[in-house]
>>> print(open('work.txt').read())   # compact mmCIF, C-alpha atoms
# COMPACT_ATOMS: atom_id res chain seq x y z
CA MET A 1436 -17.01 -4.30 -2.33
CA SER A 1437 -17.47 -7.52 -0.33
CA ALA A 1438 -19.49 -10.46 -1.59
CA THR A 1439 -22.20 -9.67 0.96
CA GLN A 1440 -22.42 -6.04 -0.19
CA ALA A 1441 -22.52 -7.11 -3.83
CA GLN A 1442 -25.33 -9.55 -3.07
CA GLY A 1443 -27.25 -6.85 -1.22
CA THR A 1444 -26.83 -4.45 -4.12
CA ARG A 1445 -28.10 -7.02 -6.59
CA THR A 1446 -31.06 -7.86 -4.35
CA GLY A 1447 -32.01 -4.19 -4.10
CA ARG A 1448 -31.66 -3.77 -7.85
CA ALA A 1449 -33.75 -6.87 -8.41
CA GLY A 1450 -36.52 -5.40 -6.24
CA LEU A 1451 -36.50 -2.18 -8.29
CA MET A 1452 -36.65 -4.12 -11.56
CA LEU A 1453 -39.53 -6.23 -10.21
CA ALA A 1454 -41.42 -3.06 -9.27
CA LEU A 1455 -40.86 -1.51 -12.70
CA ALA A 1456 -41.99 -4.68 -14.48
CA THR A 1457 -45.10 -4.96 -12.28
CA VAL A 1458 -46.07 -1.35 -12.97
CA GLY A 1459 -45.57 -1.91 -16.69
CA PHE A 1460 -47.74 -5.00 -16.61
CA ALA A 1461 -50.48 -3.13 -14.71
CA VAL A 1462 -50.45 -0.12 -17.04
CA ASN A 1463 -50.63 -2.23 -20.18
CA PHE A 1464 -53.36 -4.41 -18.70
CA TRP A 1465 -55.28 -1.26 -17.78
CA ALA A 1466 -55.25 -0.32 -21.45
CA TRP A 1467 -56.04 -3.89 -22.51
CA ALA A 1468 -59.24 -3.90 -20.40
CA LEU A 1469 -60.66 -0.50 -21.36
CA LEU A 1470 -63.53 -1.89 -23.44
CA SER A 1471 -64.98 -4.27 -20.86
CA PRO A 1472 -66.51 -1.70 -18.45
CA LEU A 1473 -68.17 0.08 -21.39
CA ALA A 1474 -69.59 -3.06 -23.02
CA SER A 1475 -73.09 -2.55 -21.61
CA ARG A 1476 -73.18 1.03 -22.87
CA PHE A 1477 -72.02 -0.03 -26.30
CA GLN A 1478 -74.70 -2.74 -26.30
CA VAL A 1479 -77.44 -0.17 -25.72
CA ALA A 1480 -76.00 2.56 -27.96
CA LEU A 1481 -75.25 0.24 -30.89
CA ASP A 1482 -78.11 -2.26 -30.31
CA LEU A 1483 -75.76 -5.25 -30.00
CA SER A 1484 -76.79 -8.85 -29.40
CA SER A 1485 -75.41 -10.81 -26.41
CA PHE A 1486 -72.94 -12.52 -28.72
CA GLU A 1487 -71.78 -9.22 -30.28
CA GLN A 1488 -71.28 -7.74 -26.80
CA ALA A 1489 -69.21 -10.76 -25.80
CA LEU A 1490 -67.20 -10.54 -29.04
CA LEU A 1491 -66.46 -6.87 -28.37
CA VAL A 1492 -64.70 -7.61 -25.08
CA ALA A 1493 -63.14 -10.88 -26.25
CA VAL A 1494 -61.24 -9.65 -29.33
CA PRO A 1495 -58.49 -7.82 -27.39
CA VAL A 1496 -58.09 -10.94 -25.25
CA VAL A 1497 -57.40 -13.30 -28.15
CA VAL A 1498 -55.00 -10.91 -29.89
CA GLY A 1499 -53.13 -10.19 -26.67
CA SER A 1500 -52.93 -13.92 -26.06
CA LEU A 1501 -51.58 -15.03 -29.43
CA GLY A 1502 -49.22 -12.05 -29.51
CA ARG A 1503 -47.50 -13.34 -26.38
CA ILE A 1504 -45.90 -16.18 -28.35
CA PRO A 1505 -43.62 -14.00 -30.54
CA VAL A 1506 -43.24 -11.33 -27.83
CA GLY A 1507 -42.02 -13.90 -25.29
CA ALA A 1508 -39.45 -15.24 -27.77
CA LEU A 1509 -38.35 -11.70 -28.67
CA THR A 1510 -37.88 -10.95 -24.96
CA ASP A 1511 -35.53 -13.92 -24.65
CA ARG A 1512 -33.47 -12.32 -27.42
CA PHE A 1513 -33.68 -8.56 -26.78
CA GLY A 1514 -34.61 -8.32 -23.09
CA GLY A 1515 -37.30 -6.50 -21.16
CA ARG A 1516 -35.54 -3.14 -21.30
CA VAL A 1517 -36.27 -2.99 -25.03
CA MET A 1518 -39.60 -4.78 -25.13
CA PHE A 1519 -41.47 -3.02 -22.29
CA PRO A 1520 -41.13 0.50 -23.81
CA LEU A 1521 -41.81 -0.85 -27.30
CA VAL A 1522 -45.07 -2.59 -26.40
CA SER A 1523 -46.22 0.35 -24.26
CA LEU A 1524 -45.70 2.81 -27.11
CA ALA A 1525 -47.41 0.51 -29.62
CA THR A 1526 -50.47 0.23 -27.34
CA ILE A 1527 -50.96 4.01 -27.35
CA LEU A 1528 -52.15 4.03 -30.98
CA PRO A 1529 -55.24 1.80 -30.60
CA VAL A 1530 -56.07 3.48 -27.27
CA LEU A 1531 -56.23 6.89 -28.94
CA PHE A 1532 -58.09 5.48 -31.96
CA LEU A 1533 -60.80 3.98 -29.74
CA GLY A 1534 -61.04 7.10 -27.63
CA PHE A 1535 -61.43 9.62 -30.42
CA PHE A 1536 -62.54 7.83 -33.60
CA GLY A 1537 -63.43 4.19 -33.12
CA HIS A 1538 -66.28 3.92 -30.62
CA ASP A 1539 -69.29 4.76 -32.81
CA SER A 1540 -69.72 1.44 -34.63
CA LEU A 1541 -69.11 -2.23 -33.93
CA PRO A 1542 -66.64 -2.73 -36.84
CA ALA A 1543 -64.54 0.23 -35.64
CA ILE A 1544 -64.53 -1.04 -32.05
CA LEU A 1545 -63.49 -4.50 -33.23
CA VAL A 1546 -60.62 -3.05 -35.30
CA GLY A 1547 -59.46 -0.92 -32.37
CA GLY A 1548 -59.90 -3.83 -29.98
CA PHE A 1549 -57.79 -6.04 -32.24
CA PHE A 1550 -54.79 -3.74 -31.92
CA LEU A 1551 -55.58 -2.99 -28.28
CA GLY A 1552 -54.61 -6.61 -27.73
CA ILE A 1553 -50.96 -5.53 -28.02
CA GLY A 1554 -51.16 -4.37 -24.42
CA GLY A 1555 -51.98 -7.91 -23.31
CA THR A 1556 -48.61 -9.18 -24.58
CA ALA A 1557 -46.75 -7.35 -21.78
CA PHE A 1558 -47.15 -10.41 -19.58
CA ALA A 1559 -44.78 -12.41 -21.79
CA ILE A 1560 -42.12 -9.72 -21.34
CA GLY A 1561 -42.21 -9.58 -17.57
CA VAL A 1562 -41.92 -13.25 -16.66
CA PRO A 1563 -38.52 -13.93 -18.32
CA PHE A 1564 -37.32 -10.46 -17.28
CA VAL A 1565 -38.15 -11.04 -13.60
CA ASN A 1566 -37.09 -14.68 -13.70
CA ALA A 1567 -33.54 -13.70 -14.70
CA TRP A 1568 -33.18 -11.31 -11.74
CA PHE A 1569 -34.04 -13.82 -8.97
CA PRO A 1570 -32.52 -17.12 -7.75
CA PRO A 1571 -34.58 -20.31 -8.25
CA GLU A 1572 -35.79 -20.49 -4.65
CA ARG A 1573 -37.39 -17.03 -4.90
CA ARG A 1574 -38.74 -17.08 -8.43
CA GLY A 1575 -42.21 -18.34 -7.55
CA PHE A 1576 -42.85 -15.41 -5.25
CA ALA A 1577 -41.16 -12.87 -7.56
CA VAL A 1578 -43.14 -13.95 -10.61
CA GLY A 1579 -46.26 -14.00 -8.45
CA VAL A 1580 -45.66 -10.40 -7.41
CA PHE A 1581 -45.17 -9.45 -11.05
CA GLY A 1582 -48.40 -11.27 -11.89
CA ALA A 1583 -50.25 -8.98 -9.48
CA GLY A 1584 -49.94 -6.42 -12.27
CA MET A 1585 -53.00 -8.09 -13.75
CA GLY A 1586 -54.78 -5.77 -11.32
CA GLY A 1587 -54.58 -3.23 -14.12
CA THR A 1588 -57.96 -4.62 -15.12
CA ALA A 1589 -59.30 -3.44 -11.73
CA ILE A 1590 -58.03 0.07 -12.44
CA SER A 1591 -60.04 0.01 -15.64
CA ALA A 1592 -63.12 -1.38 -13.90
CA LEU A 1593 -63.03 1.25 -11.15
CA THR A 1594 -62.26 4.31 -13.28
CA THR A 1595 -63.47 3.92 -16.87
CA VAL A 1596 -67.20 4.46 -16.38
CA LYS A 1597 -66.65 7.24 -13.83
CA LEU A 1598 -64.26 9.06 -16.16
CA VAL A 1599 -66.74 8.82 -19.05
CA ASP A 1600 -69.51 10.21 -16.83
CA ALA A 1601 -67.27 13.02 -15.60
CA GLY A 1602 -65.95 13.92 -19.05
CA SER A 1603 -66.63 12.09 -22.30
CA THR A 1604 -66.04 8.72 -23.90
CA SER A 1605 -62.55 9.91 -24.86
CA THR A 1606 -61.47 10.78 -21.31
CA PRO A 1607 -60.33 7.37 -19.96
CA PHE A 1608 -58.58 6.54 -23.24
CA LEU A 1609 -56.65 9.82 -23.26
CA ILE A 1610 -55.54 9.42 -19.64
CA THR A 1611 -54.42 5.84 -20.27
CA ALA A 1612 -52.43 6.91 -23.35
CA VAL A 1613 -50.59 9.55 -21.29
CA VAL A 1614 -49.76 7.00 -18.57
CA LEU A 1615 -48.47 4.54 -21.19
CA ALA A 1616 -46.21 7.21 -22.69
CA ALA A 1617 -44.85 8.16 -19.25
CA TYR A 1618 -44.14 4.52 -18.44
CA ALA A 1619 -42.36 3.97 -21.77
CA VAL A 1620 -39.98 6.83 -20.96
CA LEU A 1621 -39.45 5.62 -17.38
CA SER A 1622 -38.76 2.02 -18.34
CA TRP A 1623 -36.31 2.97 -21.11
CA THR A 1624 -34.46 5.26 -18.71
CA VAL A 1625 -34.33 3.13 -15.55
CA MET A 1626 -34.93 -0.51 -16.48
CA ARG A 1627 -31.96 -2.85 -17.01
CA ASP A 1628 -31.78 -6.53 -17.89
CA ALA A 1629 -30.20 -8.91 -15.36
CA PRO A 1630 -26.40 -9.23 -15.64
CA GLY A 1631 -25.37 -12.47 -17.26
CA ARG A 1632 -28.85 -13.42 -18.42
CA PRO A 1633 -28.72 -16.20 -21.03
CA VAL A 1634 -29.27 -14.80 -24.53
CA PRO A 1635 -30.28 -17.36 -27.14
CA THR A 1636 -28.66 -17.17 -30.56
CA ALA A 1637 -30.90 -19.60 -32.45
CA PRO A 1638 -33.51 -18.23 -34.89
CA LEU A 1639 -36.97 -17.34 -33.53
CA ALA A 1640 -38.76 -20.24 -35.24
CA GLN A 1641 -36.21 -22.74 -33.94
CA ARG A 1642 -36.55 -21.47 -30.39
CA LEU A 1643 -40.34 -21.62 -30.52
CA GLY A 1644 -40.16 -25.15 -31.90
CA SER A 1645 -37.84 -26.16 -29.08
CA ALA A 1646 -40.20 -24.68 -26.48
CA LEU A 1647 -43.14 -26.55 -27.99
CA ARG A 1648 -41.29 -29.83 -27.57
CA LEU A 1649 -41.00 -29.35 -23.80
CA ARG A 1650 -43.50 -31.30 -21.72
CA VAL A 1651 -43.78 -28.48 -19.18
CA THR A 1652 -44.93 -26.10 -21.93
CA TRP A 1653 -48.09 -28.08 -22.67
CA GLN A 1654 -48.82 -29.00 -19.07
CA ALA A 1655 -48.52 -25.41 -17.89
CA ALA A 1656 -50.49 -24.17 -20.92
CA ALA A 1657 -53.43 -26.45 -20.10
CA LEU A 1658 -53.42 -25.43 -16.43
CA TYR A 1659 -53.04 -21.72 -17.19
CA ALA A 1660 -55.87 -21.85 -19.72
CA VAL A 1661 -58.14 -22.75 -16.81
CA ALA A 1662 -56.59 -20.66 -14.01
CA PHE A 1663 -55.76 -17.40 -15.76
CA GLY A 1664 -58.33 -17.99 -18.49
CA GLY A 1665 -61.02 -18.20 -15.85
CA TYR A 1666 -59.78 -14.98 -14.27
CA VAL A 1667 -59.75 -13.13 -17.60
CA ALA A 1668 -63.18 -14.45 -18.55
CA PHE A 1669 -64.73 -13.26 -15.30
CA SER A 1670 -62.88 -9.93 -15.36
CA VAL A 1671 -64.24 -9.06 -18.81
CA TYR A 1672 -67.69 -10.70 -18.61
CA LEU A 1673 -68.66 -10.47 -14.93
CA PRO A 1674 -70.23 -6.97 -15.23
CA ALA A 1675 -72.52 -8.18 -18.03
CA TYR A 1676 -73.29 -11.38 -16.11
CA LEU A 1677 -74.21 -9.56 -12.88
CA LYS A 1678 -76.28 -6.99 -14.73
CA THR A 1679 -78.24 -9.65 -16.61
CA ALA A 1680 -78.52 -12.41 -13.99
CA TYR A 1681 -79.06 -10.23 -10.92
CA GLY A 1682 -80.32 -6.92 -12.30
CA LEU A 1683 -77.46 -4.84 -10.88
CA THR A 1684 -76.69 -1.38 -12.18
CA GLN A 1685 -73.67 -0.98 -14.42
CA ALA A 1686 -71.71 0.86 -11.72
CA ASP A 1687 -72.54 -1.73 -9.04
CA ALA A 1688 -71.61 -4.61 -11.34
CA ALA A 1689 -68.31 -2.92 -12.26
CA ASN A 1690 -67.46 -2.38 -8.58
CA ARG A 1691 -68.16 -6.02 -7.73
CA MET A 1692 -66.03 -7.13 -10.66
CA ALA A 1693 -63.23 -4.92 -9.31
CA GLY A 1694 -63.50 -6.72 -5.96
CA PHE A 1695 -63.21 -10.07 -7.75
CA VAL A 1696 -60.12 -8.84 -9.61
CA LEU A 1697 -58.43 -7.36 -6.54
CA LEU A 1698 -58.81 -10.58 -4.55
CA ALA A 1699 -57.35 -12.59 -7.43
CA VAL A 1700 -54.48 -10.11 -7.69
CA VAL A 1701 -53.67 -10.40 -3.98
CA MET A 1702 -53.77 -14.18 -4.14
CA ARG A 1703 -51.40 -14.50 -7.11
CA PRO A 1704 -48.18 -13.66 -5.17
CA LEU A 1705 -49.44 -15.86 -2.34
CA GLY A 1706 -49.83 -18.73 -4.80
CA GLY A 1707 -46.23 -18.22 -5.93
CA TRP A 1708 -44.96 -17.98 -2.35
CA LEU A 1709 -46.76 -21.18 -1.35
CA SER A 1710 -45.33 -22.89 -4.44
CA ASP A 1711 -41.79 -22.00 -3.31
CA ARG A 1712 -42.45 -23.63 0.05
CA PHE A 1713 -44.52 -26.65 -0.93
CA SER A 1714 -44.88 -27.34 -4.64
CA PRO A 1715 -46.73 -25.72 -7.54
CA SER A 1716 -48.70 -28.92 -8.15
CA ARG A 1717 -50.11 -29.00 -4.61
CA VAL A 1718 -51.17 -25.35 -4.77
CA LEU A 1719 -52.80 -25.97 -8.14
CA ALA A 1720 -54.68 -29.01 -6.85
CA VAL A 1721 -56.28 -27.05 -4.01
CA SER A 1722 -57.02 -24.07 -6.25
CA LEU A 1723 -58.70 -26.11 -8.97
CA GLY A 1724 -60.75 -28.00 -6.39
CA VAL A 1725 -62.13 -24.70 -5.10
CA VAL A 1726 -62.97 -23.58 -8.65
CA VAL A 1727 -64.90 -26.81 -9.28
CA ALA A 1728 -66.94 -26.33 -6.10
CA GLY A 1729 -67.59 -22.62 -6.73
CA ALA A 1730 -68.68 -23.18 -10.34
CA VAL A 1731 -71.08 -25.98 -9.34
CA VAL A 1732 -72.71 -23.76 -6.71
CA GLN A 1733 -73.00 -20.76 -9.03
CA ALA A 1734 -74.47 -22.88 -11.85
CA PHE A 1735 -77.74 -22.83 -9.88
CA THR A 1736 -77.70 -18.97 -9.74
CA PRO A 1737 -78.16 -18.74 -5.96
CA GLY A 1738 -78.96 -15.47 -4.25
CA LEU A 1739 -76.13 -13.00 -4.61
CA MET A 1740 -75.96 -12.43 -0.85
CA PRO A 1741 -74.34 -14.37 0.63
CA VAL A 1742 -74.02 -17.58 -1.41
CA GLY A 1743 -73.28 -16.09 -4.84
CA THR A 1744 -70.78 -13.62 -3.40
CA ILE A 1745 -68.97 -16.38 -1.47
CA ALA A 1746 -68.85 -18.57 -4.59
CA PHE A 1747 -67.40 -15.82 -6.77
CA LEU A 1748 -64.87 -14.62 -4.20
CA SER A 1749 -63.74 -18.20 -3.53
CA MET A 1750 -63.19 -18.71 -7.26
CA ALA A 1751 -61.35 -15.37 -7.48
CA ALA A 1752 -58.93 -16.41 -4.72
CA ALA A 1753 -58.42 -19.85 -6.26
CA LEU A 1754 -57.87 -18.56 -9.80
CA GLY A 1755 -55.34 -15.99 -8.55
CA ALA A 1756 -53.39 -18.54 -6.50
CA GLY A 1757 -53.54 -21.07 -9.33
CA SER A 1758 -52.19 -18.53 -11.82
CA GLY A 1759 -49.26 -17.79 -9.52
CA ALA A 1760 -48.57 -21.48 -9.02
CA THR A 1761 -48.56 -22.17 -12.76
CA PHE A 1762 -45.72 -19.77 -13.42
CA ALA A 1763 -43.87 -21.00 -10.37
CA LEU A 1764 -43.98 -24.33 -12.21
CA VAL A 1765 -42.59 -22.68 -15.38
CA ALA A 1766 -39.81 -20.95 -13.42
CA GLN A 1767 -38.97 -24.25 -11.75
CA MET A 1768 -39.03 -26.56 -14.77
CA ALA A 1769 -38.27 -24.52 -17.94
CA PRO A 1770 -34.65 -24.09 -19.16
CA ALA A 1771 -33.31 -20.62 -18.27
CA ASN A 1772 -32.77 -19.52 -21.88
CA GLN A 1773 -36.26 -20.63 -22.92
CA VAL A 1774 -38.38 -19.06 -20.17
CA GLY A 1775 -39.61 -16.32 -22.51
CA SER A 1776 -40.59 -18.73 -25.27
CA VAL A 1777 -42.35 -21.06 -22.83
CA THR A 1778 -44.02 -18.09 -21.15
CA GLY A 1779 -45.30 -16.87 -24.52
CA VAL A 1780 -46.98 -20.18 -25.29
CA VAL A 1781 -48.37 -20.62 -21.77
CA GLY A 1782 -49.51 -17.01 -21.60
CA ALA A 1783 -51.24 -17.39 -24.96
CA ALA A 1784 -53.10 -20.42 -23.65
CA GLY A 1785 -54.21 -18.45 -20.61
CA GLY A 1786 -55.49 -15.58 -22.70
CA LEU A 1787 -57.27 -17.90 -25.11
CA GLY A 1788 -58.79 -19.60 -22.11
CA GLY A 1789 -60.29 -16.21 -21.31
CA PHE A 1790 -61.44 -15.61 -24.90
CA VAL A 1791 -63.70 -18.62 -25.24
CA PRO A 1792 -65.89 -18.46 -22.08
CA PRO A 1793 -67.44 -15.01 -22.71
CA LEU A 1794 -68.49 -16.13 -26.19
CA VAL A 1795 -69.87 -19.40 -24.84
CA MET A 1796 -71.72 -17.60 -22.04
CA GLY A 1797 -73.21 -15.11 -24.51
CA LEU A 1798 -74.37 -17.90 -26.84
CA ILE A 1799 -75.81 -20.00 -24.00
CA TYR A 1800 -77.71 -17.08 -22.51
CA GLY A 1801 -79.03 -16.14 -25.94
CA GLN A 1802 -80.32 -19.70 -26.46
CA PHE A 1803 -81.57 -20.64 -22.99
CA GLY A 1804 -81.95 -17.38 -21.06
CA SER A 1805 -79.69 -18.76 -18.30
CA TYR A 1806 -75.97 -18.93 -17.52
CA GLY A 1807 -76.23 -22.20 -15.57
CA LEU A 1808 -74.96 -24.46 -18.35
CA GLY A 1809 -71.93 -22.23 -18.93
CA LEU A 1810 -70.89 -22.42 -15.29
CA ALA A 1811 -71.44 -26.18 -15.26
CA LEU A 1812 -69.03 -26.41 -18.22
CA LEU A 1813 -66.48 -24.41 -16.20
CA ALA A 1814 -66.77 -26.97 -13.39
CA VAL A 1815 -66.14 -29.83 -15.83
CA VAL A 1816 -63.10 -28.13 -17.38
CA ALA A 1817 -61.64 -27.29 -13.95
CA LEU A 1818 -62.12 -30.91 -12.87
CA ALA A 1819 -60.25 -32.11 -15.97
CA ALA A 1820 -57.38 -29.72 -15.14
CA LEU A 1821 -57.35 -31.01 -11.57
CA LEU A 1822 -56.96 -34.59 -12.80
CA LEU A 1823 -54.14 -33.51 -15.15
CA ASP A 1824 -52.37 -31.83 -12.27
CA VAL A 1825 -52.69 -34.74 -9.86
CA PHE A 1826 -51.86 -37.60 -12.23
CA SER A 1827 -49.35 -35.97 -14.60
CA VAL A 1828 -47.92 -32.63 -13.52
CA GLY A 1829 -47.36 -33.50 -9.88
CA ARG A 1830 -45.57 -36.74 -10.66
CA GLY A 1831 -43.55 -35.17 -13.47
CA SER A 1832 -42.38 -32.20 -11.40
CA ALA A 1833 -41.39 -34.49 -8.52
CA THR A 1834 -39.37 -36.62 -10.92
CA GLY A 1835 -37.76 -33.54 -12.44
CA GLN A 1836 -36.80 -32.13 -9.05
CA GLY A 1837 -35.37 -35.47 -7.99
CA ALA A 1838 -33.25 -35.63 -11.15
CA LYS A 1839 -31.96 -32.09 -10.54
CA ALA A 1840 -31.07 -32.95 -6.93
CA ALA A 1841 -29.26 -36.10 -8.01
CA HIS A 1842 -27.34 -34.17 -10.67
CA ALA A 1843 -26.38 -31.51 -8.10
>>> encode(input="work.txt", output="structure tokens")
Amino acid sequence: MSATQAQGTRTGRAGLMLALATVGFAVNFWAWALLSPLASRFQVALDLSSFEQALLVAVPVVVGSLGRIPVGALTDRFGGRVMFPLVSLATILPVLFLGFFGHDSLPAILVGGFFLGIGGTAFAIGVPFVNAWFPPERRGFAVGVFGAGMGGTAISALTTVKLVDAGSTSTPFLITAVVLAAYAVLSWTVMRDAPGRPVPTAPLAQRLGSALRLRVTWQAAALYAVAFGGYVAFSVYLPAYLKTAYGLTQADAANRMAGFVLLAVVMRPLGGWLSDRFSPSRVLAVSLGVVVAGAVVQAFTPGLMPVGTIAFLSMAAALGAGSGATFALVAQMAPANQVGSVTGVVGAAGGLGGFVPPLVMGLIYGQFGSYGLGLALLAVVALAALLLDVFSVGRGSATGQGAKAAHA
């Protein structure tokens, strides 16, 4: 086989592995987001406060976020071929518990939601897995395509309530469990780790400590907490927000949230692609600027048509592109054998960034009867991230790229 044929074979194999990883991410995120569309129903059925409703949808987020730290490091060691089936199978248990036993009381839902967070760790598997299959100049786009798997939350938003209405509360959970099992079998059978991928030999704690000492880890974590954290926060809390602030029905609010999610999903690969051609820092600067503007406008709760819709869709596009650009930065700046560990920390920050806002929004609405202050806080946080990007990340990445070019 010629060198050209070998390269073509590897490229084709890389595309298949990217597709498998993206599907796995989407399926696990579908499971991870099952509680959000039903939050309003649980609030009525269980007589929950605004804070308890926010806590119900936030618990899987925080567990899935913190779990990414060890899962990312384990992926560096054992590879995606082992970790994708393992996490998918582990997620089945809380899905079935919530569907058949754990949806009749708040404590049971919180316990089930805690373990449902396992599904959210799949992100930390896919980034190092995909990163190893692609050359540096294509990693931004490849990781961005993988990140589109976050659209699994849209699957949940579009189907969960309809499946409950057509069957019972157990129906969407049972279907998701079956899909997770099928994916676990498929990934174990077909998925393969990239040939020659660097496998670390140092202990887990040592590798995590090394990742935490990297400047890019903390920079990317701060940026991802805003970009992906904002996406997660809206994807889990937007139905409740639209229902309360604008009086929409549960189905209408869920459909609008799905539109928000889908636009963010489409923009994530575009953010990675633009980062390959310009720089992650520039893409992040534009994205964060749009978020600041959109949050300021929405803080005044304008009419939903057209101003509110434009504000939310602009923020969706910006948060999606910014999320893609952040991991283009990780792929560009993190050492090859530490991508999983760095991804785990950065992914955890993004998930935690999504955990806090729903709780804050619930508390603020409970105290003041308005979401305006919460959205104003989002604008302030996004502005701080923009300043970090412009004055620290952009200069640091330019210096790092110049050093690499000089070394080459």
>>> closest_residue(input="work.txt", among="A:Pro1674, A:Pro1472, A:Pro1715, A:Gly1775", to="Phe1564 in chain A", atoms="only C-alpha atoms")
A:Gly1775
>>> closest_residue(input="work.txt", among="A:Thr1736, A:Ser1758, A:Ser1827, A:Ser1523", to="Ala1612 in chain A", atoms="all atoms listed in the file")
A:Ser1523
>>> closest_residue(input="work.txt", among="A:Arg1642, A:Arg1650, A:Arg1717, A:Arg1712", to="Ile1504 in chain A", atoms="all atoms listed in the file")
A:Arg1642
>>> residues_around(input="work.txt", residues="Leu1481 in chain A", least_positions_apart="4", cutoff="10 Å", atoms="all atoms listed in the file", output="list in words")
Ser1475, Arg1476, Phe1477, Gln1488, His1538, Asp1539, Ser1540 and Leu1541 of chain A
>>> residues_around(input="work.txt", residues="Pro1495 in chain A", least_positions_apart="6", cutoff="7 Å", atoms="all atoms listed in the file", output="list of chain:residue names")
A:Trp1467, A:Gly1548, A:Phe1549, A:Leu1551, A:Gly1552
>>> write_last_selection(input="work.txt", atoms="C-alpha atoms", output="mmCIF file, in the coordinates of the input")
data_model
loop_
_atom_site.group_PDB
_atom_site.id
_atom_site.type_symbol
_atom_site.label_atom_id
_atom_site.label_comp_id
_atom_site.auth_asym_id
_atom_site.auth_seq_id
_atom_site.Cartn_x
_atom_site.Cartn_y
_atom_site.Cartn_z
ATOM 1 C CA TRP A 1467 -56.040 -3.890 -22.510
ATOM 2 C CA GLY A 1548 -59.900 -3.830 -29.980
ATOM 3 C CA PHE A 1549 -57.790 -6.040 -32.240
ATOM 4 C CA LEU A 1551 -55.580 -2.990 -28.280
ATOM 5 C CA GLY A 1552 -54.610 -6.610 -27.730
#
>>> atom_distance(input="work.txt", atom1="CA of Gly1450 in chain A", atom2="CA of Val1565 in chain A")
9.4 Å
>>> closest_residue(input="work.txt", among="A:Gly1584, A:Gly1782, A:Gly1665, A:Pro1633", to="Val1506 in chain A", atoms="all atoms listed in the file")
A:Gly1782
>>> atom_distance(input="work.txt", atom1="CA of Val1494 in chain A", atom2="CA of Leu1545 in chain A")
6.8 Å
>>> residues_near_point(input="work.txt", point="(-32.8, -18.7, -20.2)", cutoff="7 Å", atoms="all atoms listed in the file", output="list in words")
Arg1632, Pro1633, Val1634, Pro1770, Ala1771, Asn1772, Gln1773 and Val1774 of chain A
>>> atom_distance(input="work.txt", atom1="CA of Ala1616 in chain A", atom2="CA of Pro1520 in chain A")
8.5 Å
>>> closest_residue(input="work.txt", among="A:Gly1664, A:Gly1561, A:Gly1554, A:Gly1507", to="Thr1611 in chain A", atoms="all atoms listed in the file")
A:Gly1554
>>> closest_residue(input="work.txt", among="A:Gly1682, A:Gly1729, A:Gly1694, A:Gly1779", to="Val1562 in chain A", atoms="only C-alpha atoms")
A:Gly1779
>>> residues_near_point(input="work.txt", point="(-53.1, 5.5, -27.0)", cutoff="9 Å", atoms="all atoms listed in the file", output="list in words")
Ala1466, Leu1524, Ala1525, Thr1526, Ile1527, Leu1528, Pro1529, Val1530, Leu1531, Phe1532, Leu1533, Gly1534, Leu1551, Phe1608, Leu1609, Ile1610, Thr1611, Ala1612, Val1613, Leu1615 and Ala1616 of chain A
>>> residues_around(input="work.txt", residues="Gly1743 in chain A", least_positions_apart="4", cutoff="12 Å", atoms="only C-alpha atoms", output="PyMOL selection string")
chain A and resi 1677+1680-1681+1691+1729-1739+1747-1750
>>> residues_around(input="work.txt", residues="Ala1640 in chain A", least_positions_apart="2", cutoff="12 Å", atoms="all atoms listed in the file", output="PyMOL selection string")
chain A and resi 1504-1505+1508-1509+1636-1638+1642-1647+1776
>>> residues_around(input="work.txt", residues="Phe1460 in chain A", least_positions_apart="3", cutoff="12 Å", atoms="only C-alpha atoms", output="count of residues only")
42
